[in-house]
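Notes to accompany the following structure.
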Amino acid sequence: MIEGLKICIPTADLRELCLAAADYHAERAATYAQQIENLKGASIEPMNYTGGNPVEALSDGYNQHQNEEVELRFFAKYLKEGEEYLLSREELASLGLSSGSPRSGHRRRW
């Protein structure tokens with residue numbers, strides 16, 4: 001018996017989902033990188049009243065998206081052919097398949 005919402009997804013479909021999610025993270029990382037360059041080019045420095053460093057905050061976002069991209073491409077590369085993967089709702093959401101996902105517009109219509 002399976003508890004909760006679990007979905008069996010064939011390897012090819014899961015690989016496609018992983019690569020689409022990786023592409024999303026690559027796009028987001030590129031956006032962060034551009035914003036970082038814009039701030040550095042404008043010589044914007046941390047301001048005491050904002051409570052933080054905007055370049056550092058953007059760098060954290062950049063690193064997070066870059067790490068997600070690398071991880072998802074690794075998963076896609078090493079999925080075992082001919083298998084079905086049992087994924088939870090949370091795992092599906094991490095691949096952009098929930099309606100609340102920021103990249104829900106980028107997902108394949110199943």
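Simple scheme: letters A, B, ... for chains in structure tokens order, numbers from 1 for residues in each chain, numbers from 1 for ligands in the order shown.
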
Report task. Would you list the contacts of A:Glu69 as an NGL selection string, taking every protein, DNA or RNA residue within 7 Å and counting only C-alpha atoms, but skipping same-chain residues closer than 3 positions in sequence? Result -> :A and (22 or 25-26 or 65-66 or 72-73)

Would you save the residues from that selection as a PDB file, in the first residue's frame, using C-alpha atoms?
ATOM      1  CA  ALA A  22      17.559  22.639 -14.487  1.00  0.00           C
ATOM      2  CA  HIS A  25      17.415  27.340 -12.500  1.00  0.00           C
ATOM      3  CA  ALA A  26      20.014  28.242 -15.137  1.00  0.00           C
ATOM      4  CA  HIS A  65      19.983  28.390  -8.389  1.00  0.00           C
ATOM      5  CA  GLN A  66      23.332  27.309  -9.774  1.00  0.00           C
ATOM      6  CA  LEU A  72      19.134  18.313 -11.413  1.00  0.00           C
ATOM      7  CA  ARG A  73      21.424  17.762 -14.414  1.00  0.00           C
TER       8      ARG A  73
END

Query - Expected answer as a PyMOL selection string: strand (DSSP E) residues in chain A - result: chain A and resi 6-10+84-88

**Report entry** Selected residue of minimal separation from A:Thr11 among A:Arg28, A:Lys80, A:Arg89, A:Lys40, counting only C-alpha atoms
**Finding:**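 Counting only C-alpha atoms, the residue closest to A:Thr11 is A:Lys80.
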
Query - Exercise: A:Ser59 partners within 12 Å, only C-alpha atoms, chain neighbours under 4 positions left out, as a VMD selection string - result: chain A and resid 28 to 37 39 to 40 53 to 55 63 to 66

Hey, can you spit out that residue selection with C-alpha atoms as an mmCIF file, in the first residue's frame?
data_model
loop_
_atom_site.group_PDB
_atom_site.id
_atom_site.type_symbol
_atom_site.label_atom_id
_atom_site.label_comp_id
_atom_site.auth_asym_id
_atom_site.auth_seq_id
_atom_site.Cartn_x
_atom_site.Cartn_y
_atom_site.Cartn_z
ATOM 1 C CA ARG A 28 17.303 32.333 -12.730
ATOM 2 C CA ALA A 29 21.049 32.124 -12.020
ATOM 3 C CA ALA A 30 21.732 34.170 -15.163
ATOM 4 C CA THR A 31 19.233 36.791 -13.989
ATOM 5 C CA TYR A 32 20.929 36.992 -10.604
ATOM 6 C CA ALA A 33 24.352 37.250 -12.270
ATOM 7 C CA GLN A 34 23.124 40.157 -14.409
ATOM 8 C CA GLN A 35 21.677 41.930 -11.376
ATOM 9 C CA ILE A 36 24.963 41.471 -9.509
ATOM 10 C CA GLU A 37 26.899 42.963 -12.419
ATOM 11 C CA LEU A 39 24.906 46.661 -8.929
ATOM 12 C CA LYS A 40 28.676 46.324 -9.110
ATOM 13 C CA ASN A 53 24.440 43.811 1.398
ATOM 14 C CA PRO A 54 22.389 43.618 -1.830
ATOM 15 C CA VAL A 55 25.277 42.079 -3.799
ATOM 16 C CA ASN A 63 24.547 30.217 -5.840
ATOM 17 C CA GLN A 64 21.308 28.530 -4.821
ATOM 18 C CA HIS A 65 19.983 28.390 -8.389
ATOM 19 C CA GLN A 66 23.332 27.309 -9.774
#

Requested in this report: Extract, using only C-alpha atoms, all DNA, RNA and protein residues at most 8 Å from A:Ala76, discarding same-chain residues fewer than 5 positions from it, and format them as a ChimeraX atom specification.
Outcome: /A:14-16,18-19

Could you write out the selected residues, including N, CA and C atoms, as an mmCIF file, in the first residue's frame?
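Written out: again.cif:
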data_model
loop_
_atom_site.group_PDB
_atom_site.id
_atom_site.type_symbol
_atom_site.label_atom_id
_atom_site.label_comp_id
_atom_site.auth_asym_id
_atom_site.auth_seq_id
_atom_site.Cartn_x
_atom_site.Cartn_y
_atom_site.Cartn_z
ATOM 1 N N LEU A 14 10.787 11.616 -16.318
ATOM 2 C CA LEU A 14 11.489 12.211 -15.188
ATOM 3 C C LEU A 14 12.732 12.957 -15.653
ATOM 4 N N ARG A 15 13.437 12.394 -16.614
ATOM 5 C CA ARG A 15 14.613 13.081 -17.159
ATOM 6 C C ARG A 15 14.194 14.417 -17.775
ATOM 7 N N GLU A 16 13.111 14.422 -18.526
ATOM 8 C CA GLU A 16 12.613 15.648 -19.140
ATOM 9 C C GLU A 16 12.256 16.681 -18.071
ATOM 10 N N CYS A 18 13.498 16.849 -14.986
ATOM 11 C CA CYS A 18 14.741 17.291 -14.353
ATOM 12 C C CYS A 18 15.457 18.324 -15.209
ATOM 13 N N LEU A 19 15.528 18.078 -16.509
ATOM 14 C CA LEU A 19 16.226 19.000 -17.400
ATOM 15 C C LEU A 19 15.464 20.316 -17.555
#

Requested in this report: Please indicate the distance in Å from atom CA of A:Glu83 to atom CA of A:Asp13, rounded to one decimal place.
Outcome: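 Straight-line distance from atom CA of A:Glu83 to atom CA of A:Asp13 works out to 10.7 Å.
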
Name the residues in contact with A:Leu87 at a cut-off of 6 Å, using only C-alpha atoms, excluding same-chain residues fewer than 3 positions from it; report them as a compact mmCIF listing (two decimals) with C-alpha atoms, in the first residue's frame.
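What landed in selection_17.txt:
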# COMPACT_ATOMS: atom_id res chain seq x y z
CA LYS A 6 2.86 9.17 -4.85
CA ILE A 7 3.18 9.03 -8.62
CA GLU A 91 9.40 15.88 -5.06

Query - Every residue of chain A that DSSP places in helix (DSSP H, G or I), as a PyMOL selection string - result: chain A and resi 11-41+48-50+54-77+89-94+104-106

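Using only C-alpha atoms for every distance, the candidate list A:Glu56, A:Glu81, A:Glu68, A:Glu3 yields A:Glu68 as the residue closest to A:Ala20.
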